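The next block holds one structure in the form of structure tokens; read it before the comments.
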Amino acid sequence: MPHVFALLAGVILFCSLLSYIIPSGSFDREERQIGTLTRTMVVPGTFKELPKAYSLTGVILPQEVEGQASPVSLVQFISAIPRGLEGTADIIFLIFLIGGVFGILQQTGMITAIIHSLVTRFSGSGPLLTIILMLTVSIAGSTLGMGEEFIPLVPIFLYVAKELGYDRIYGLALVMVAADVGFAAATTNPFTVQIAQGIAEVPLGSDLGFRVVFYLTCMTATILYLLSYGRRIKGQPERSIMGIDSFHIKGLEKITYTLKRSHIWIAVMCAVLFIAIIYGVQTQGWWLAEMSGGFLLMGAIAAWMAGMTVDQTVNAFVKGMEEMVVAALVVGFAKGIQVVMEDGQIMDTFIQYAANILDGFPRIVAAEGMLVFQSMLNFFIPSGSGQAATTMPLMAPLADLLGISRDTAVFAFTCGDGFSNTIIPTSGVLMAMLALAEIPYGKWLRFMLPLFGILITLAGIFLAIAVWMNLP
């Protein structure tokens, strides 16, 4: 497989070429207030196909022709990545800053000391530690929608896997698969469930009990799958998908094993500040800027509590940011795909055609079709909140026409949007974590595709149950 940047650039080129073939079209859009957020959403029934404005000039330079759509020009293609970086600047800088803060925390020795204590405590109970860690991470994904925030933690989970006698894939699965499964089997995820329910105009949390059962089922299947893989490679390391691997973990060369009282106090401080950050996001309308500021405060206090000098603090901060370069920039590269699809005005065409196809099927088949459609669309819009704002204004009234409850349409969206994040190369978080873990995309697919098949099957089964029960 090519490097992640080359892979994403190839997808951007492919989507640019599609703009010359796929009919263009657009919906009218309007702004609506969803909770504390303002979302721009499509207006159902307003889709209109636009004629293509082909020209030799348009192949090179962007052109605007009133009432027509222009395919992606060469200039738009070569500027897609910079525009994607610009459009995701807030997320990119959040990743950089959190990486810097974790560089400081790593310098204090707190992280590795606590992790080593856990590994020592559960040295004979690797499966138990696996269950504890995966449930903790998945709950954060399911309830708070956490994903990008876990990127800087990848080396820590790799260290846990190495100490327990597993491979890189096992270590990455501990954090990434747990977070993504939690995110997909969402209970109160504010970025998918709450936004989608607000757009669909159904009560927030109206199907919470059903979602909790689904979450527990998915996590049980996920944990059993990972434990089975771990059992196989621990007895026979040569059966690891990674093959022969030195398993060097960048950034954790200097390990502090002794757990000190200061480490515990730093951990308590970090936990308190993190809870405060999440509280602010949930109740005060905080977003990425405030979150970044909270993490910077966490790093500064940790450095003071550890007795670090100003130079030591700054050097550790810079080193932590350096290790996030690929992880942060890949988010902007992935955004470039959506940029060119919007330039060529073919995104709305995919949505309109899917809605037309689903309109003529029986209820259960149509609901399963929604799941497939949302999973496929996630390749092009790997943002949960963005996909909700784009598709739910259409899926909600379509559900009414098909005799499906709107809660069921929301459930199809959250599953389709979430589970595919574990395999699609346009997911910035996935590719960033793979880059940090130094796991080739092809090897990851060998591990993840069977589990993805299990999870999407469970989603289909629960979706059929939801239709049968007329959820909620």
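Every chain in the structure tokens has a letter given in the order shown (A, B, ...), and although residue numbers restart at 1 in each chain, ligands are simply numbered from 1 in the order shown.
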* Write out as a ChimeraX atom specification all residues of range 328-393 of chain A that backbone DSSP assigns to alpha helix (DSSP H). => /A:328-343,347-358,363-377,384-393
Could those residues be written to a file, using C-alpha atoms, as a PDB file, in the first residue's frame?
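Result went into out-v1.pdb, see below:
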ATOM      1  CA  ALA A 328      -2.436  15.919  12.287  1.00  0.00           C
ATOM      2  CA  LEU A 329      -1.873  16.625   8.591  1.00  0.00           C
ATOM      3  CA  VAL A 330      -3.622  13.459   7.430  1.00  0.00           C
ATOM      4  CA  VAL A 331      -6.905  14.920   8.754  1.00  0.00           C
ATOM      5  CA  GLY A 332      -6.577  17.822   6.327  1.00  0.00           C
ATOM      6  CA  PHE A 333      -5.640  15.517   3.447  1.00  0.00           C
ATOM      7  CA  ALA A 334      -8.810  13.472   4.052  1.00  0.00           C
ATOM      8  CA  LYS A 335     -10.911  16.644   4.044  1.00  0.00           C
ATOM      9  CA  GLY A 336      -9.651  17.366   0.525  1.00  0.00           C
ATOM     10  CA  ILE A 337     -11.906  14.582  -0.790  1.00  0.00           C
ATOM     11  CA  GLN A 338     -15.029  16.356   0.381  1.00  0.00           C
ATOM     12  CA  VAL A 339     -13.655  19.641  -0.964  1.00  0.00           C
ATOM     13  CA  VAL A 340     -13.435  18.433  -4.598  1.00  0.00           C
ATOM     14  CA  MET A 341     -16.814  16.695  -4.432  1.00  0.00           C
ATOM     15  CA  GLU A 342     -18.349  19.986  -3.376  1.00  0.00           C
ATOM     16  CA  ASP A 343     -16.406  21.819  -6.099  1.00  0.00           C
ATOM     17  CA  MET A 347     -22.158  15.145  -3.391  1.00  0.00           C
ATOM     18  CA  ASP A 348     -25.863  16.018  -3.443  1.00  0.00           C
ATOM     19  CA  THR A 349     -26.357  13.810  -6.516  1.00  0.00           C
ATOM     20  CA  PHE A 350     -25.247  10.712  -4.572  1.00  0.00           C
ATOM     21  CA  ILE A 351     -27.674  11.569  -1.773  1.00  0.00           C
ATOM     22  CA  GLN A 352     -30.637  12.206  -4.105  1.00  0.00           C
ATOM     23  CA  TYR A 353     -30.137   8.994  -6.075  1.00  0.00           C
ATOM     24  CA  ALA A 354     -29.876   6.927  -2.890  1.00  0.00           C
ATOM     25  CA  ALA A 355     -33.108   8.426  -1.542  1.00  0.00           C
ATOM     26  CA  ASN A 356     -34.910   7.644  -4.822  1.00  0.00           C
ATOM     27  CA  ILE A 357     -33.714   4.026  -4.804  1.00  0.00           C
ATOM     28  CA  LEU A 358     -34.759   3.375  -1.198  1.00  0.00           C
ATOM     29  CA  ARG A 363     -39.690  -1.324   5.303  1.00  0.00           C
ATOM     30  CA  ILE A 364     -36.971  -3.702   6.520  1.00  0.00           C
ATOM     31  CA  VAL A 365     -35.186  -3.755   3.159  1.00  0.00           C
ATOM     32  CA  ALA A 366     -35.295   0.044   2.963  1.00  0.00           C
ATOM     33  CA  ALA A 367     -33.922   0.350   6.514  1.00  0.00           C
ATOM     34  CA  GLU A 368     -31.047  -1.982   5.636  1.00  0.00           C
ATOM     35  CA  GLY A 369     -30.531   0.100   2.502  1.00  0.00           C
ATOM     36  CA  MET A 370     -30.168   3.195   4.688  1.00  0.00           C
ATOM     37  CA  LEU A 371     -27.431   1.396   6.629  1.00  0.00           C
ATOM     38  CA  VAL A 372     -25.574   0.497   3.412  1.00  0.00           C
ATOM     39  CA  PHE A 373     -25.987   4.003   2.004  1.00  0.00           C
ATOM     40  CA  GLN A 374     -24.717   5.719   5.156  1.00  0.00           C
ATOM     41  CA  SER A 375     -21.733   3.337   5.280  1.00  0.00           C
ATOM     42  CA  MET A 376     -20.829   4.108   1.662  1.00  0.00           C
ATOM     43  CA  LEU A 377     -21.350   7.849   2.060  1.00  0.00           C
ATOM     44  CA  GLY A 384     -20.301  12.278  11.832  1.00  0.00           C
ATOM     45  CA  SER A 385     -21.857  15.689  12.409  1.00  0.00           C
ATOM     46  CA  GLY A 386     -21.310  16.674   8.772  1.00  0.00           C
ATOM     47  CA  GLN A 387     -22.972  13.524   7.496  1.00  0.00           C
ATOM     48  CA  ALA A 388     -25.885  14.000   9.900  1.00  0.00           C
ATOM     49  CA  ALA A 389     -26.489  17.546   8.648  1.00  0.00           C
ATOM     50  CA  THR A 390     -26.258  16.373   5.030  1.00  0.00           C
ATOM     51  CA  THR A 391     -28.399  13.227   5.072  1.00  0.00           C
ATOM     52  CA  MET A 392     -30.835  13.322   7.999  1.00  0.00           C
ATOM     53  CA  PRO A 393     -33.045  16.087   6.512  1.00  0.00           C
TER      54      PRO A 393
END
* Near range 264-281 of chain A, counting only C-alpha atoms, which residues have an atom at most 9 Å away, once you skip same-chain residues fewer than 6 positions from it, shown as a list in words? -> Leu105, Thr108, Met110, Ile111, Ile114, Leu144, Trp287, Leu288, Glu290, Met291, Gly294, Phe295, Leu297, Met298, Gly299, Ile301, Ala302, Met305 and Ala306 of chain A
* **Which of A:Gly243, A:Gly285, A:Pro450, A:Gly109 sits closest to Pro190 in chain A [using only C-alpha atoms]** => A:Gly285
* To do: Pick out the residues sitting within 12 Å of Asn315 in chain A, and hand them over as a ChimeraX atom specification; count only C-alpha atoms, and ignore anything fewer than 2 positions along from it in its own chain.
  => /A:100-101,103-104,106-107,303,308-313,317-322
* Might you pull out every residue within 9 Å of range 184-187 of chain A, with only C-alpha atoms counted and same-chain residues fewer than 2 positions away left off, and present them as JSON, numbers by chain? => {"A": [139, 141, 142, 143, 144, 145, 179, 180, 181, 182, 189, 192, 193, 205, 207, 208, 209, 210, 211, 212, 214, 215, 216, 218, 219, 411, 414, 415, 416, 417, 418, 419, 420, 421, 459]}
Report as a tab-separated table: every residue of range 144-201 of chain A with an atom at most 12 Å from range 244-248 of chain A, its closest pair of atoms, and their distance in Å to one decimal, counting only C-alpha atoms, with rows sorted by chain and ascending residue number.
residue	atom	partner	partner_atom	distance
A:Pro155	CA	A:His248	CA	10.1
A:Leu158	CA	A:Phe247	CA	8.8
A:Tyr159	CA	A:His248	CA	9.3
A:Val160	CA	A:Phe247	CA	11.9
A:Ala161	CA	A:Phe247	CA	10.1
A:Lys162	CA	A:Phe247	CA	7.6
A:Glu163	CA	A:Phe247	CA	10.8
A:Gly165	CA	A:Phe247	CA	10.7
A:Tyr166	CA	A:Phe247	CA	9.8
A:Asp167	CA	A:Phe247	CA	7.4
A:Arg168	CA	A:Phe247	CA	7.0
A:Ile169	CA	A:Phe247	CA	10.6
A:Tyr170	CA	A:Phe247	CA	11.8
A:Gly171	CA	A:Phe247	CA	10.8
May I have the residues from that selection written out with C-alpha atoms, as a PDB file, in the first residue's frame?
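The new file part-v6.pdb reads:
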ATOM      1  CA  PRO A 155       2.059   4.963  21.782  1.00  0.00           C
ATOM      2  CA  LEU A 158       1.209   0.081  22.057  1.00  0.00           C
ATOM      3  CA  TYR A 159       3.410  -0.032  25.145  1.00  0.00           C
ATOM      4  CA  VAL A 160       0.679  -1.881  27.057  1.00  0.00           C
ATOM      5  CA  ALA A 161       0.345  -4.450  24.274  1.00  0.00           C
ATOM      6  CA  LYS A 162       4.101  -4.955  24.084  1.00  0.00           C
ATOM      7  CA  GLU A 163       4.429  -5.467  27.840  1.00  0.00           C
ATOM      8  CA  GLY A 165       3.260  -9.932  24.937  1.00  0.00           C
ATOM      9  CA  TYR A 166       1.023  -8.879  22.044  1.00  0.00           C
ATOM     10  CA  ASP A 167       1.703  -7.028  18.760  1.00  0.00           C
ATOM     11  CA  ARG A 168       1.134  -3.533  17.371  1.00  0.00           C
ATOM     12  CA  ILE A 169      -2.271  -4.398  15.962  1.00  0.00           C
ATOM     13  CA  TYR A 170      -3.480  -5.554  19.364  1.00  0.00           C
ATOM     14  CA  GLY A 171      -2.238  -2.316  20.938  1.00  0.00           C
TER      15      GLY A 171
END
For the interface of range 56-127 of chain A with range 8-27 of chain A (cut-off 12 Å, counting only C-alpha atoms), please tabulate each contacting residue of range 56-127 of chain A alongside its nearest pair of atoms and their separation in Å to one decimal, rows sorted by chain and increasing number, as CSV.
residue,atom,partner,partner_atom,distance
A:Gly58,CA,A:Tyr20,CA,11.1
A:Val59,CA,A:Tyr20,CA,9.8
A:Gly67,CA,A:Gly25,CA,10.2
A:Gln68,CA,A:Ser24,CA,8.6
A:Ala69,CA,A:Ser24,CA,6.3
A:Ser70,CA,A:Ser19,CA,8.2
A:Pro71,CA,A:Ser19,CA,5.0
A:Val72,CA,A:Ser16,CA,5.5
A:Ser73,CA,A:Ser16,CA,8.0
A:Leu74,CA,A:Ser16,CA,9.0
A:Val75,CA,A:Ser16,CA,11.1
A:Gln76,CA,A:Ser16,CA,8.8
A:Phe77,CA,A:Ser16,CA,6.8
A:Ile78,CA,A:Leu13,CA,9.2
A:Ser79,CA,A:Ile12,CA,10.8
A:Ala80,CA,A:Ile12,CA,7.9
A:Ile81,CA,A:Ala9,CA,8.0
A:Pro82,CA,A:Ala9,CA,11.6
A:Gly84,CA,A:Ile12,CA,10.8
Include C-alpha atoms and write out the residues we just selected as a CSV table (one decimal), in the first residue's frame.
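The resulting file, part_7.csv, is shown below:
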chain,number,residue,atom,x,y,z
A,58,GLY,CA,-12.4,25.0,-17.2
A,59,VAL,CA,-10.1,22.0,-17.2
A,67,GLY,CA,-27.1,27.9,-13.4
A,68,GLN,CA,-24.5,25.3,-14.4
A,69,ALA,CA,-21.9,23.2,-12.5
A,70,SER,CA,-18.2,23.1,-13.5
A,71,PRO,CA,-16.1,19.9,-13.2
A,72,VAL,CA,-13.1,20.1,-10.9
A,73,SER,CA,-10.3,22.1,-12.6
A,74,LEU,CA,-6.6,21.4,-12.3
A,75,VAL,CA,-6.2,24.4,-10.0
A,76,GLN,CA,-9.0,23.2,-7.7
A,77,PHE,CA,-7.4,19.7,-7.6
A,78,ILE,CA,-4.0,21.0,-6.6
A,79,SER,CA,-5.5,23.3,-4.1
A,80,ALA,CA,-7.8,20.7,-2.5
A,81,ILE,CA,-5.3,19.6,0.1
A,82,PRO,CA,-4.4,23.1,1.2
A,84,GLY,CA,-8.7,20.7,3.3
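The smallest atom-to-atom distance between Ile92 in chain A and any of A:Thr422, A:Thr136, A:Ser262, A:Ser292, using only C-alpha atoms, is found for A:Ser292.
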* Which residues come within 12 Å of Leu434 in chain A, counting only C-alpha atoms, excluding same-chain residues fewer than 4 positions away, as a ChimeraX atom specification? -> /A:3-4,151-152,154-155,158,168-169,171-173,175-177,326-327,330,422-425,427-430,438-445
* To do: For Ala399 in chain A, work out the shell of residues within 9 Å, counting only C-alpha atoms and skipping chain neighbours fewer than 5 positions away, then give it as a PyMOL selection string.
  => chain A and resi 359+363+366-367+394+404-406+408-409
Take the residues from that selection and write them out as a PDB file, in the first residue's frame, keeping C-alpha atoms.
ATOM      1  CA  ASP A 359     -38.214   4.882  -1.737  1.00  0.00           C
ATOM      2  CA  ARG A 363     -39.690  -1.324   5.303  1.00  0.00           C
ATOM      3  CA  ALA A 366     -35.295   0.044   2.963  1.00  0.00           C
ATOM      4  CA  ALA A 367     -33.922   0.350   6.514  1.00  0.00           C
ATOM      5  CA  LEU A 394     -33.696  13.589   3.684  1.00  0.00           C
ATOM      6  CA  ILE A 404     -40.281   3.543   9.533  1.00  0.00           C
ATOM      7  CA  SER A 405     -39.857   5.500  12.744  1.00  0.00           C
ATOM      8  CA  ARG A 406     -37.447   8.409  12.588  1.00  0.00           C
ATOM      9  CA  THR A 408     -34.794   3.901  13.276  1.00  0.00           C
ATOM     10  CA  ALA A 409     -33.462   6.204  10.548  1.00  0.00           C
TER      11      ALA A 409
END
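You will find CA of Thr426 in chain A at 28.3 Å from CA of Ser228 in chain A.
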Name all residues at most 10 Å from Arg239 in chain A (count only C-alpha atoms; drop same-chain ones fewer than 6 positions away) and give them as an mmCIF file with C-alpha atoms, in the first residue's frame.
data_model
loop_
_atom_site.group_PDB
_atom_site.id
_atom_site.type_symbol
_atom_site.label_atom_id
_atom_site.label_comp_id
_atom_site.auth_asym_id
_atom_site.auth_seq_id
_atom_site.Cartn_x
_atom_site.Cartn_y
_atom_site.Cartn_z
ATOM 1 C CA TYR A 229 -6.502 -12.814 18.209
ATOM 2 C CA ARG A 232 -3.373 -16.889 18.953
ATOM 3 C CA ILE A 233 -0.348 -14.587 18.639
#
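Here CA of Met134 in chain A and CA of Ile223 in chain A stand 7.6 Å from one another.
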